[in-house]
Amino acid sequence: MKVILKVAEVESFTKAAEALFLSQPAVSLQIQKLEQLFQTSLFIRAHSDRIRLTEAGENLCQHAEALMKVQQTLIQDMEKYSAGHLRELHIGACCIAGEQLLPIGLSAFRESYPQAKLTLSITKCEEVFNGLLAGNLDIGVTGLEPKHRFSRDLHKQKLMEVPLVMFETSKTTPPTGKIDLKQLRKHRLILSEKGSGCRTEFEHILAKNKLKLQEFEVVCESESNDAIKELVKDGYGVSLLPEFMVRKEIAEGIFTEIHLNEDRPMMSFFLIYRKQDNLSKMQQDLIAFLSTYPKQESTNT
(Lines give C-alpha, C1' and ligand atoms only; values in the text may rest on other atoms or scores of the structure.)
Protein backbone atom coordinates (compact mmCIF):
# COMPACT_ATOMS: atom_id res chain seq x y z
CA MET A 1 0.00 0.00 0.00
CA LYS A 2 2.86 2.39 0.83
CA VAL A 3 4.52 1.60 -2.48
CA ILE A 4 1.52 2.33 -4.68
CA LEU A 5 0.78 5.55 -2.81
CA LYS A 6 4.34 6.78 -3.30
CA VAL A 7 4.41 5.80 -6.98
CA ALA A 8 1.12 7.63 -7.50
CA GLU A 9 2.45 10.68 -5.69
CA VAL A 10 5.73 11.06 -7.62
CA GLU A 11 4.46 9.49 -10.90
CA SER A 12 7.67 7.50 -11.27
CA PHE A 13 8.88 4.03 -10.24
CA THR A 14 12.47 5.28 -10.00
CA LYS A 15 11.67 8.29 -7.80
CA ALA A 16 9.39 6.17 -5.63
CA ALA A 17 12.20 3.65 -5.15
CA GLU A 18 14.59 6.40 -4.04
CA ALA A 19 12.06 7.83 -1.59
CA LEU A 20 11.28 4.40 -0.11
CA PHE A 21 14.92 3.28 0.09
CA LEU A 22 14.13 0.37 -2.26
CA SER A 23 15.48 -0.76 -5.60
CA GLN A 24 13.48 0.11 -8.72
CA PRO A 25 12.82 -3.59 -9.52
CA ALA A 26 11.46 -4.10 -5.99
CA VAL A 27 8.95 -1.28 -6.49
CA SER A 28 7.93 -2.62 -9.90
CA LEU A 29 7.44 -6.09 -8.42
CA GLN A 30 5.12 -4.75 -5.71
CA ILE A 31 2.94 -3.03 -8.31
CA GLN A 32 2.93 -6.17 -10.48
CA LYS A 33 1.75 -8.24 -7.52
CA LEU A 34 -1.11 -5.82 -6.88
CA GLU A 35 -2.11 -5.89 -10.55
CA GLN A 36 -2.03 -9.70 -10.54
CA LEU A 37 -4.06 -9.80 -7.33
CA PHE A 38 -6.79 -7.53 -8.65
CA GLN A 39 -6.39 -8.62 -12.29
CA THR A 40 -6.34 -5.10 -13.66
CA SER A 41 -3.86 -2.41 -14.65
CA LEU A 42 -3.20 0.23 -11.99
CA PHE A 43 -0.99 2.60 -14.00
CA ILE A 44 -0.89 3.84 -17.56
CA ARG A 45 2.71 3.63 -18.71
CA ALA A 46 3.46 6.32 -21.29
CA HIS A 47 6.61 6.66 -23.41
CA SER A 48 7.83 9.42 -21.10
CA ASP A 49 9.23 8.78 -17.64
CA ARG A 50 5.99 9.84 -15.98
CA ILE A 51 3.10 7.48 -15.34
CA ARG A 52 -0.45 8.03 -14.14
CA LEU A 53 -3.12 6.04 -12.35
CA THR A 54 -5.91 4.21 -14.12
CA GLU A 55 -9.43 4.50 -12.72
CA ALA A 56 -8.83 1.25 -10.84
CA GLY A 57 -5.53 2.62 -9.53
CA GLU A 58 -7.21 5.77 -8.23
CA ASN A 59 -9.83 3.66 -6.46
CA LEU A 60 -7.16 1.44 -4.91
CA CYS A 61 -5.18 4.46 -3.67
CA GLN A 62 -8.26 5.77 -1.86
CA HIS A 63 -8.55 2.48 -0.02
CA ALA A 64 -4.78 2.39 0.59
CA GLU A 65 -4.88 5.80 2.30
CA ALA A 66 -7.76 4.61 4.47
CA LEU A 67 -5.88 1.42 5.37
CA MET A 68 -2.78 3.39 6.38
CA LYS A 69 -4.90 5.50 8.74
CA VAL A 70 -6.52 2.38 10.20
CA GLN A 71 -3.09 0.82 10.74
CA GLN A 72 -1.81 3.92 12.51
CA THR A 73 -4.91 4.14 14.70
CA LEU A 74 -4.64 0.45 15.56
CA ILE A 75 -1.04 0.81 16.72
CA GLN A 76 -1.84 3.89 18.79
CA ASP A 77 -4.83 2.20 20.45
CA MET A 78 -2.90 -0.97 21.26
CA GLU A 79 -0.05 1.04 22.75
CA LYS A 80 -2.34 1.67 25.72
CA TYR A 81 -1.77 -1.95 26.70
CA SER A 82 1.98 -2.00 26.08
CA ALA A 83 3.26 0.91 28.20
CA GLY A 84 3.07 3.12 25.13
CA HIS A 85 6.07 1.48 23.44
CA LEU A 86 4.51 -1.03 21.08
CA ARG A 87 6.38 -0.22 17.90
CA GLU A 88 9.98 0.36 16.96
CA LEU A 89 10.96 3.94 16.20
CA HIS A 90 13.15 4.59 13.17
CA ILE A 91 15.31 7.68 13.49
CA GLY A 92 17.18 9.32 10.63
CA ALA A 93 20.06 11.74 11.14
CA CYS A 94 22.64 13.64 9.15
CA CYS A 95 26.27 12.62 9.67
CA ILE A 96 27.15 15.17 12.37
CA ALA A 97 23.95 14.65 14.34
CA GLY A 98 24.09 10.87 13.96
CA GLU A 99 27.76 10.50 14.84
CA GLN A 100 28.23 13.27 17.40
CA LEU A 101 24.95 14.38 19.00
CA LEU A 102 22.48 11.50 19.05
CA PRO A 103 24.39 8.44 20.35
CA ILE A 104 24.71 9.76 23.92
CA GLY A 105 21.17 11.16 23.89
CA LEU A 106 19.61 7.93 22.61
CA SER A 107 21.53 5.89 25.17
CA ALA A 108 20.20 8.14 27.92
CA PHE A 109 16.67 7.79 26.52
CA ARG A 110 16.96 3.99 26.60
CA GLU A 111 17.99 4.15 30.25
CA SER A 112 14.80 6.08 31.06
CA TYR A 113 12.67 3.96 28.70
CA PRO A 114 14.18 0.43 28.74
CA GLN A 115 11.29 -0.95 26.63
CA ALA A 116 11.99 1.51 23.81
CA LYS A 117 13.05 -0.02 20.49
CA LEU A 118 15.09 2.45 18.46
CA THR A 119 17.03 2.22 15.21
CA LEU A 120 19.28 4.96 13.86
CA SER A 121 20.08 5.54 10.17
CA ILE A 122 22.85 8.04 9.36
CA THR A 123 22.49 9.55 5.90
CA LYS A 124 22.18 12.83 4.00
CA CYS A 125 19.65 15.46 5.07
CA GLU A 126 17.53 15.14 1.94
CA GLU A 127 17.36 11.37 2.36
CA VAL A 128 16.16 11.88 5.94
CA PHE A 129 13.38 14.16 4.64
CA ASN A 130 12.42 11.63 1.96
CA GLY A 131 12.42 8.82 4.51
CA LEU A 132 10.08 10.78 6.77
CA LEU A 133 7.66 11.52 3.95
CA ALA A 134 7.72 7.89 2.83
CA GLY A 135 6.93 6.68 6.33
CA ASN A 136 10.20 4.73 6.62
CA LEU A 137 11.47 7.10 9.32
CA ASP A 138 9.54 8.40 12.33
CA ILE A 139 11.84 11.19 13.54
CA GLY A 140 14.75 13.02 11.94
CA VAL A 141 17.57 15.18 13.29
CA THR A 142 19.39 17.22 10.65
CA GLY A 143 21.72 20.16 10.23
CA LEU A 144 19.37 21.61 7.63
CA GLU A 145 15.74 22.64 7.91
CA PRO A 146 13.27 21.18 5.40
CA LYS A 147 12.44 23.67 2.68
CA HIS A 148 10.53 23.87 -0.59
CA ARG A 149 8.67 20.61 -1.29
CA PHE A 150 9.48 19.19 2.16
CA SER A 151 8.28 22.10 4.31
CA ARG A 152 4.60 21.51 3.47
CA ASP A 153 4.45 18.06 5.07
CA LEU A 154 7.25 18.13 7.67
CA HIS A 155 7.25 19.86 11.02
CA LYS A 156 10.56 21.36 12.16
CA GLN A 157 11.70 22.27 15.65
CA LYS A 158 15.08 23.88 16.29
CA LEU A 159 17.06 21.81 18.78
CA MET A 160 20.21 23.86 19.09
CA GLU A 161 22.53 26.35 17.43
CA VAL A 162 26.29 25.88 17.50
CA PRO A 163 29.22 27.99 16.23
CA LEU A 164 31.18 26.88 13.20
CA VAL A 165 34.97 27.10 13.27
CA MET A 166 37.37 27.57 10.36
CA PHE A 167 40.54 25.70 11.24
CA GLU A 168 43.95 24.67 9.89
CA THR A 169 46.78 22.42 10.96
CA SER A 170 49.14 23.76 13.62
CA LYS A 171 52.02 22.64 11.39
CA THR A 172 51.42 25.82 9.38
CA THR A 173 54.01 28.46 10.26
CA PRO A 174 53.03 31.09 11.11
CA PRO A 175 49.31 30.61 11.93
CA THR A 176 46.94 32.40 9.60
CA GLY A 177 45.42 34.50 12.40
CA LYS A 178 42.49 36.80 11.66
CA ILE A 179 41.41 37.31 8.06
CA ASP A 180 38.35 38.19 6.03
CA LEU A 181 36.54 35.92 3.59
CA LYS A 182 38.21 37.45 0.54
CA GLN A 183 41.64 36.62 1.98
CA LEU A 184 40.42 33.07 2.51
CA ARG A 185 40.58 32.65 -1.27
CA LYS A 186 44.34 32.21 -0.89
CA HIS A 187 43.75 28.97 1.03
CA ARG A 188 42.80 25.54 -0.27
CA LEU A 189 39.42 24.44 1.09
CA ILE A 190 38.35 20.99 2.26
CA LEU A 191 34.55 20.97 2.51
CA SER A 192 31.69 18.68 3.45
CA GLU A 193 29.65 17.21 0.58
CA LYS A 194 27.04 19.26 -1.25
CA GLY A 195 23.78 19.49 0.66
CA SER A 196 25.37 19.12 4.10
CA GLY A 197 24.57 21.63 6.84
CA CYS A 198 28.16 22.90 7.13
CA ARG A 199 28.55 23.32 3.40
CA THR A 200 25.19 25.04 3.00
CA GLU A 201 25.87 27.46 5.86
CA PHE A 202 29.29 28.34 4.41
CA GLU A 203 27.70 29.06 1.03
CA HIS A 204 25.11 31.27 2.77
CA ILE A 205 27.90 33.24 4.45
CA LEU A 206 29.66 33.71 1.11
CA ALA A 207 26.44 34.85 -0.57
CA LYS A 208 25.78 37.29 2.28
CA ASN A 209 29.18 38.84 1.58
CA LYS A 210 28.64 38.78 -2.20
CA LEU A 211 31.09 35.96 -2.81
CA LYS A 212 30.70 32.65 -4.66
CA LEU A 213 32.21 29.28 -3.86
CA GLN A 214 33.57 29.12 -7.42
CA GLU A 215 36.00 31.89 -6.46
CA PHE A 216 37.70 29.57 -3.95
CA GLU A 217 40.03 26.62 -4.48
CA VAL A 218 38.13 23.56 -3.22
CA VAL A 219 40.62 20.68 -3.24
CA CYS A 220 38.38 18.05 -1.60
CA GLU A 221 34.74 17.32 -0.80
CA SER A 222 34.00 14.53 1.66
CA GLU A 223 31.03 12.90 3.39
CA SER A 224 33.33 11.86 6.25
CA ASN A 225 34.04 14.43 8.94
CA ASP A 226 36.90 12.29 10.25
CA ALA A 227 38.47 12.30 6.78
CA ILE A 228 38.17 16.08 6.64
CA LYS A 229 39.97 16.43 9.97
CA GLU A 230 42.74 14.06 8.89
CA LEU A 231 43.28 15.98 5.64
CA VAL A 232 43.49 19.28 7.51
CA LYS A 233 45.85 17.71 10.04
CA ASP A 234 48.16 16.64 7.20
CA GLY A 235 48.20 20.15 5.78
CA TYR A 236 46.12 19.65 2.62
CA GLY A 237 43.93 22.67 3.33
CA VAL A 238 41.59 24.39 5.78
CA SER A 239 38.02 23.45 6.66
CA LEU A 240 34.89 24.41 8.56
CA LEU A 241 33.13 22.25 11.17
CA PRO A 242 31.03 22.77 14.32
CA GLU A 243 33.17 24.01 17.20
CA PHE A 244 32.44 21.01 19.41
CA MET A 245 33.92 18.68 16.77
CA VAL A 246 37.36 20.32 16.80
CA ARG A 247 37.45 21.72 20.33
CA LYS A 248 39.72 18.97 21.63
CA GLU A 249 42.21 19.22 18.74
CA ILE A 250 42.40 23.01 19.13
CA ALA A 251 43.01 22.66 22.87
CA GLU A 252 45.76 20.08 22.24
CA GLY A 253 47.44 22.29 19.64
CA ILE A 254 46.71 19.97 16.70
CA PHE A 255 44.51 22.57 14.97
CA THR A 256 44.59 26.35 15.00
CA GLU A 257 41.39 28.36 14.58
CA ILE A 258 41.25 30.83 11.72
CA HIS A 259 39.33 33.85 13.01
CA LEU A 260 37.18 35.58 10.40
CA ASN A 261 36.60 39.33 10.46
CA GLU A 262 32.99 38.66 9.49
CA ASP A 263 30.42 37.41 12.00
CA ARG A 264 31.17 33.97 13.36
CA PRO A 265 29.09 31.49 11.37
CA MET A 266 26.47 29.43 13.20
CA MET A 267 24.82 26.11 12.36
CA SER A 268 21.40 24.95 13.56
CA PHE A 269 20.16 21.42 14.15
CA PHE A 270 16.48 20.56 13.74
CA LEU A 271 14.12 17.89 15.00
CA ILE A 272 11.86 16.84 12.10
CA TYR A 273 8.69 14.73 11.91
CA ARG A 274 5.60 14.45 9.73
CA LYS A 275 2.91 17.10 10.22
CA GLN A 276 -0.06 14.87 9.48
CA ASP A 277 0.77 12.14 11.97
CA ASN A 278 -0.95 11.63 15.29
CA LEU A 279 2.23 11.01 17.26
CA SER A 280 2.53 7.80 19.22
CA LYS A 281 3.30 7.91 22.93
CA MET A 282 6.88 6.86 22.28
CA GLN A 283 7.36 9.50 19.59
CA GLN A 284 6.05 12.16 21.94
CA ASP A 285 8.37 10.97 24.72
CA LEU A 286 11.43 10.91 22.46
CA ILE A 287 10.68 14.34 20.99
CA ALA A 288 10.23 15.81 24.46
CA PHE A 289 13.48 14.19 25.62
CA LEU A 290 15.55 15.32 22.63
CA SER A 291 14.09 18.82 22.83
CA THR A 292 15.99 19.44 26.07
CA TYR A 293 18.82 16.91 26.09
CA PRO A 294 21.05 18.33 23.30
CA LYS A 295 21.01 21.80 24.87
CA GLN A 296 22.41 20.33 28.04
CA GLU A 297 24.95 17.96 26.51
CA SER A 298 26.24 19.72 23.40
CA THR A 299 28.81 21.79 25.28
CA ASN A 300 30.32 18.59 26.68
CA THR A 301 30.31 16.56 23.44
# chains A, B, ... in the order shown; residues from 1 in each chain; ligands from 1
>>> residues_around(residues="segment 242-244 of chain A", least_positions_apart="3", cutoff="12 Å", atoms="only C-alpha atoms", output="VMD selection string")
chain A and resid 96 to 97 100 to 101 143 160 to 167 192 197 to 199 201 to 202 225 229 239 247 to 251 255 to 258 264 to 269 297 to 301
>>> residues_around(residues="Ile122 of chain A", least_positions_apart="3", cutoff="7 Å", atoms="only C-alpha atoms", output="mmCIF file with N, CA and C atoms, in the first residue's frame")
data_model
loop_
_atom_site.group_PDB
_atom_site.id
_atom_site.type_symbol
_atom_site.label_atom_id
_atom_site.label_comp_id
_atom_site.auth_asym_id
_atom_site.auth_seq_id
_atom_site.Cartn_x
_atom_site.Cartn_y
_atom_site.Cartn_z
ATOM 1 N N GLY A 92 16.209 8.973 11.665
ATOM 2 C CA GLY A 92 17.179 9.317 10.629
ATOM 3 C C GLY A 92 17.945 10.559 11.034
ATOM 4 N N ALA A 93 19.243 10.597 10.731
ATOM 5 C CA ALA A 93 20.064 11.736 11.139
ATOM 6 C C ALA A 93 21.137 12.015 10.100
ATOM 7 N N CYS A 94 21.501 13.291 9.980
ATOM 8 C CA CYS A 94 22.640 13.644 9.147
ATOM 9 C C CYS A 94 23.911 13.153 9.838
ATOM 10 N N CYS A 95 25.034 13.224 9.144
ATOM 11 C CA CYS A 95 26.274 12.622 9.667
ATOM 12 C C CYS A 95 26.684 13.225 11.010
ATOM 13 N N GLY A 98 24.097 12.297 13.701
ATOM 14 C CA GLY A 98 24.093 10.865 13.955
ATOM 15 C C GLY A 98 25.350 10.355 14.625
#
>>> select_by_dssp(residues="segment 95-289 of chain A", states="strand (DSSP E or B)", output="PyMOL selection string")
chain A and resi 118-122+139-142+154-169+178-179+188-192+217-222+238-242+255-260+266-274
>>> residues_around(residues="Leu191 of chain A", least_positions_apart="3", cutoff="12 Å", atoms="only C-alpha atoms", output="number ranges by chain")
A: 166-167, 188, 194-203, 213, 216-229, 231-232, 236-241
>>> atom_distance(atom1="atom CA of Arg50 of chain A", atom2="atom CA of Ser12 of chain A")
5.5 Å
>>> residues_around(residues="Val10 of chain A", least_positions_apart="3", cutoff="12 Å", atoms="only C-alpha atoms", output="ChimeraX atom specification")
/A:3-7,13-20,49-53,130,133-134,149
>>> write_last_selection(atoms="N, CA, C and O atoms", output="mmCIF file, in the first residue's frame")
data_model
loop_
_atom_site.group_PDB
_atom_site.id
_atom_site.type_symbol
_atom_site.label_atom_id
_atom_site.label_comp_id
_atom_site.auth_asym_id
_atom_site.auth_seq_id
_atom_site.Cartn_x
_atom_site.Cartn_y
_atom_site.Cartn_z
ATOM 1 N N VAL A 3 3.836 1.509 -1.196
ATOM 2 C CA VAL A 3 4.516 1.598 -2.480
ATOM 3 C C VAL A 3 3.615 2.246 -3.528
ATOM 4 O O VAL A 3 4.020 3.182 -4.228
ATOM 5 N N ILE A 4 2.383 1.774 -3.644
ATOM 6 C CA ILE A 4 1.519 2.334 -4.683
ATOM 7 C C ILE A 4 1.184 3.797 -4.404
ATOM 8 O O ILE A 4 1.097 4.617 -5.324
ATOM 9 N N LEU A 5 1.049 4.157 -3.145
ATOM 10 C CA LEU A 5 0.776 5.554 -2.808
ATOM 11 C C LEU A 5 1.951 6.453 -3.188
ATOM 12 O O LEU A 5 1.765 7.563 -3.680
ATOM 13 N N LYS A 6 3.166 5.977 -2.953
ATOM 14 C CA LYS A 6 4.343 6.785 -3.295
ATOM 15 C C LYS A 6 4.524 6.879 -4.805
ATOM 16 O O LYS A 6 4.843 7.951 -5.335
ATOM 17 N N VAL A 7 4.306 5.762 -5.523
ATOM 18 C CA VAL A 7 4.415 5.800 -6.983
ATOM 19 C C VAL A 7 3.383 6.768 -7.554
ATOM 20 O O VAL A 7 3.684 7.552 -8.459
ATOM 21 N N PHE A 13 8.397 5.187 -11.003
ATOM 22 C CA PHE A 13 8.880 4.034 -10.241
ATOM 23 C C PHE A 13 10.259 4.327 -9.653
ATOM 24 O O PHE A 13 10.559 3.971 -8.521
ATOM 25 N N THR A 14 11.096 4.995 -10.446
ATOM 26 C CA THR A 14 12.465 5.283 -10.001
ATOM 27 C C THR A 14 12.470 6.236 -8.812
ATOM 28 O O THR A 14 13.155 6.004 -7.813
ATOM 29 N N LYS A 15 11.706 7.328 -8.907
ATOM 30 C CA LYS A 15 11.669 8.292 -7.804
ATOM 31 C C LYS A 15 11.029 7.688 -6.566
ATOM 32 O O LYS A 15 11.434 7.984 -5.441
ATOM 33 N N ALA A 16 10.027 6.837 -6.762
ATOM 34 C CA ALA A 16 9.392 6.171 -5.628
ATOM 35 C C ALA A 16 10.385 5.246 -4.932
ATOM 36 O O ALA A 16 10.431 5.173 -3.701
ATOM 37 N N ALA A 17 11.195 4.545 -5.712
ATOM 38 C CA ALA A 17 12.203 3.646 -5.148
ATOM 39 C C ALA A 17 13.202 4.418 -4.307
ATOM 40 O O ALA A 17 13.576 3.997 -3.207
ATOM 41 N N GLU A 18 13.643 5.578 -4.794
ATOM 42 C CA GLU A 18 14.591 6.403 -4.044
ATOM 43 C C GLU A 18 13.974 6.882 -2.732
ATOM 44 O O GLU A 18 14.621 6.868 -1.688
ATOM 45 N N ALA A 19 12.727 7.310 -2.779
ATOM 46 C CA ALA A 19 12.064 7.831 -1.585
ATOM 47 C C ALA A 19 11.813 6.748 -0.549
ATOM 48 O O ALA A 19 11.816 7.008 0.660
ATOM 49 N N LEU A 20 11.598 5.506 -1.018
ATOM 50 C CA LEU A 20 11.278 4.398 -0.115
ATOM 51 C C LEU A 20 12.505 3.578 0.278
ATOM 52 O O LEU A 20 12.381 2.584 0.998
ATOM 53 N N ASP A 49 8.895 9.356 -18.944
ATOM 54 C CA ASP A 49 9.234 8.778 -17.641
ATOM 55 C C ASP A 49 8.048 8.797 -16.682
ATOM 56 O O ASP A 49 8.009 8.040 -15.722
ATOM 57 N N ARG A 50 7.094 9.678 -16.916
ATOM 58 C CA ARG A 50 5.986 9.841 -15.984
ATOM 59 C C ARG A 50 4.886 8.822 -16.274
ATOM 60 O O ARG A 50 4.647 8.435 -17.410
ATOM 61 N N ILE A 51 4.217 8.405 -15.220
ATOM 62 C CA ILE A 51 3.096 7.480 -15.340
ATOM 63 C C ILE A 51 1.919 8.061 -14.588
ATOM 64 O O ILE A 51 2.073 8.969 -13.761
ATOM 65 N N ARG A 52 0.723 7.536 -14.873
ATOM 66 C CA ARG A 52 -0.451 8.034 -14.142
ATOM 67 C C ARG A 52 -1.386 6.873 -13.827
ATOM 68 O O ARG A 52 -1.354 5.817 -14.480
ATOM 69 N N LEU A 53 -2.218 7.073 -12.832
ATOM 70 C CA LEU A 53 -3.121 6.036 -12.354
ATOM 71 C C LEU A 53 -4.259 5.790 -13.344
ATOM 72 O O LEU A 53 -4.754 6.719 -13.980
ATOM 73 N N ASN A 130 13.157 12.582 2.799
ATOM 74 C CA ASN A 130 12.425 11.631 1.958
ATOM 75 C C ASN A 130 11.940 10.439 2.773
ATOM 76 O O ASN A 130 10.819 9.944 2.583
ATOM 77 N N LEU A 133 8.861 11.414 4.783
ATOM 78 C CA LEU A 133 7.664 11.524 3.946
ATOM 79 C C LEU A 133 7.169 10.162 3.500
ATOM 80 O O LEU A 133 5.959 9.940 3.375
ATOM 81 N N ALA A 134 8.098 9.229 3.282
ATOM 82 C CA ALA A 134 7.718 7.892 2.830
ATOM 83 C C ALA A 134 7.193 7.022 3.960
ATOM 84 O O ALA A 134 6.622 5.960 3.718
ATOM 85 N N ARG A 149 9.690 21.672 -1.220
ATOM 86 C CA ARG A 149 8.673 20.614 -1.285
ATOM 87 C C ARG A 149 8.539 19.856 0.029
ATOM 88 O O ARG A 149 7.523 19.228 0.284
#
>>> closest_residue(among="A:Lys2, A:Lys171, A:Asp285, A:Arg274", to="Leu67 of chain A", atoms="only C-alpha atoms")
A:Lys2
>>> residues_around(residues="segment 107-112 of chain A", least_positions_apart="3", cutoff="8 Å", atoms="only C-alpha atoms", output="mmCIF file with N, CA, C and O atoms, in the first residue's frame")
data_model
loop_
_atom_site.group_PDB
_atom_site.id
_atom_site.type_symbol
_atom_site.label_atom_id
_atom_site.label_comp_id
_atom_site.auth_asym_id
_atom_site.auth_seq_id
_atom_site.Cartn_x
_atom_site.Cartn_y
_atom_site.Cartn_z
ATOM 1 N N PRO A 103 24.073 9.688 19.629
ATOM 2 C CA PRO A 103 24.392 8.444 20.353
ATOM 3 C C PRO A 103 24.258 8.557 21.871
ATOM 4 O O PRO A 103 23.643 7.697 22.516
ATOM 5 N N ILE A 104 24.801 9.605 22.467
ATOM 6 C CA ILE A 104 24.713 9.764 23.920
ATOM 7 C C ILE A 104 23.264 10.010 24.334
ATOM 8 O O ILE A 104 22.769 9.442 25.313
ATOM 9 N N GLN A 115 12.087 -0.189 27.594
ATOM 10 C CA GLN A 115 11.293 -0.948 26.626
ATOM 11 C C GLN A 115 11.346 -0.341 25.225
ATOM 12 O O GLN A 115 10.850 -0.931 24.275
ATOM 13 N N ALA A 116 11.962 0.830 25.105
ATOM 14 C CA ALA A 116 11.995 1.510 23.811
ATOM 15 C C ALA A 116 12.838 0.742 22.804
ATOM 16 O O ALA A 116 13.926 0.263 23.122
ATOM 17 N N LEU A 286 10.099 10.705 23.017
ATOM 18 C CA LEU A 286 11.430 10.911 22.460
ATOM 19 C C LEU A 286 11.619 12.360 22.014
ATOM 20 O O LEU A 286 12.685 12.953 22.245
ATOM 21 N N PHE A 289 12.164 14.446 25.045
ATOM 22 C CA PHE A 289 13.482 14.186 25.617
ATOM 23 C C PHE A 289 14.576 14.887 24.814
ATOM 24 O O PHE A 289 15.431 15.581 25.367
#
>>> closest_residue(among="A:Gln39, A:Asn261, A:Thr292, A:Gln283", to="Leu137 of chain A", atoms="only C-alpha atoms")
A:Gln283
>>> closest_residue(among="A:Ile44, A:Ile254, A:Leu260, A:Met78", to="Glu58 of chain A", atoms="only C-alpha atoms")
A:Ile44
>>> residues_around(residues="Leu34 of chain A", least_positions_apart="6", cutoff="10 Å", atoms="only C-alpha atoms", output="list in words")
Met1, Ile4, Thr40, Ser41, Leu42, Gly57 and Leu60 of chain A
>>> write_last_selection(atoms="N, CA and C atoms", output="mmCIF file, in the first residue's frame")
data_model
loop_
_atom_site.group_PDB
_atom_site.id
_atom_site.type_symbol
_atom_site.label_atom_id
_atom_site.label_comp_id
_atom_site.auth_asym_id
_atom_site.auth_seq_id
_atom_site.Cartn_x
_atom_site.Cartn_y
_atom_site.Cartn_z
ATOM 1 N N MET A 1 0.815 -1.202 0.000
ATOM 2 C CA MET A 1 0.000 0.000 0.000
ATOM 3 C C MET A 1 0.860 1.269 0.000
ATOM 4 N N ILE A 4 2.383 1.774 -3.644
ATOM 5 C CA ILE A 4 1.519 2.334 -4.683
ATOM 6 C C ILE A 4 1.184 3.797 -4.404
ATOM 7 N N THR A 40 -6.080 -6.321 -12.891
ATOM 8 C CA THR A 40 -6.338 -5.103 -13.657
ATOM 9 C C THR A 40 -5.098 -4.218 -13.629
ATOM 10 N N SER A 41 -4.980 -3.341 -14.603
ATOM 11 C CA SER A 41 -3.856 -2.407 -14.645
ATOM 12 C C SER A 41 -4.109 -1.246 -13.682
ATOM 13 N N LEU A 42 -3.074 -0.863 -12.963
ATOM 14 C CA LEU A 42 -3.199 0.228 -11.985
ATOM 15 C C LEU A 42 -2.572 1.526 -12.484
ATOM 16 N N GLY A 57 -6.634 2.200 -10.386
ATOM 17 C CA GLY A 57 -5.530 2.618 -9.525
ATOM 18 C C GLY A 57 -5.947 3.732 -8.577
ATOM 19 N N LEU A 60 -7.999 2.179 -5.845
ATOM 20 C CA LEU A 60 -7.164 1.435 -4.906
ATOM 21 C C LEU A 60 -6.404 2.381 -3.975
#
>>> atom_distance(atom1="atom CA of Ala288 of chain A", atom2="atom CA of Val70 of chain A")
25.8 Å
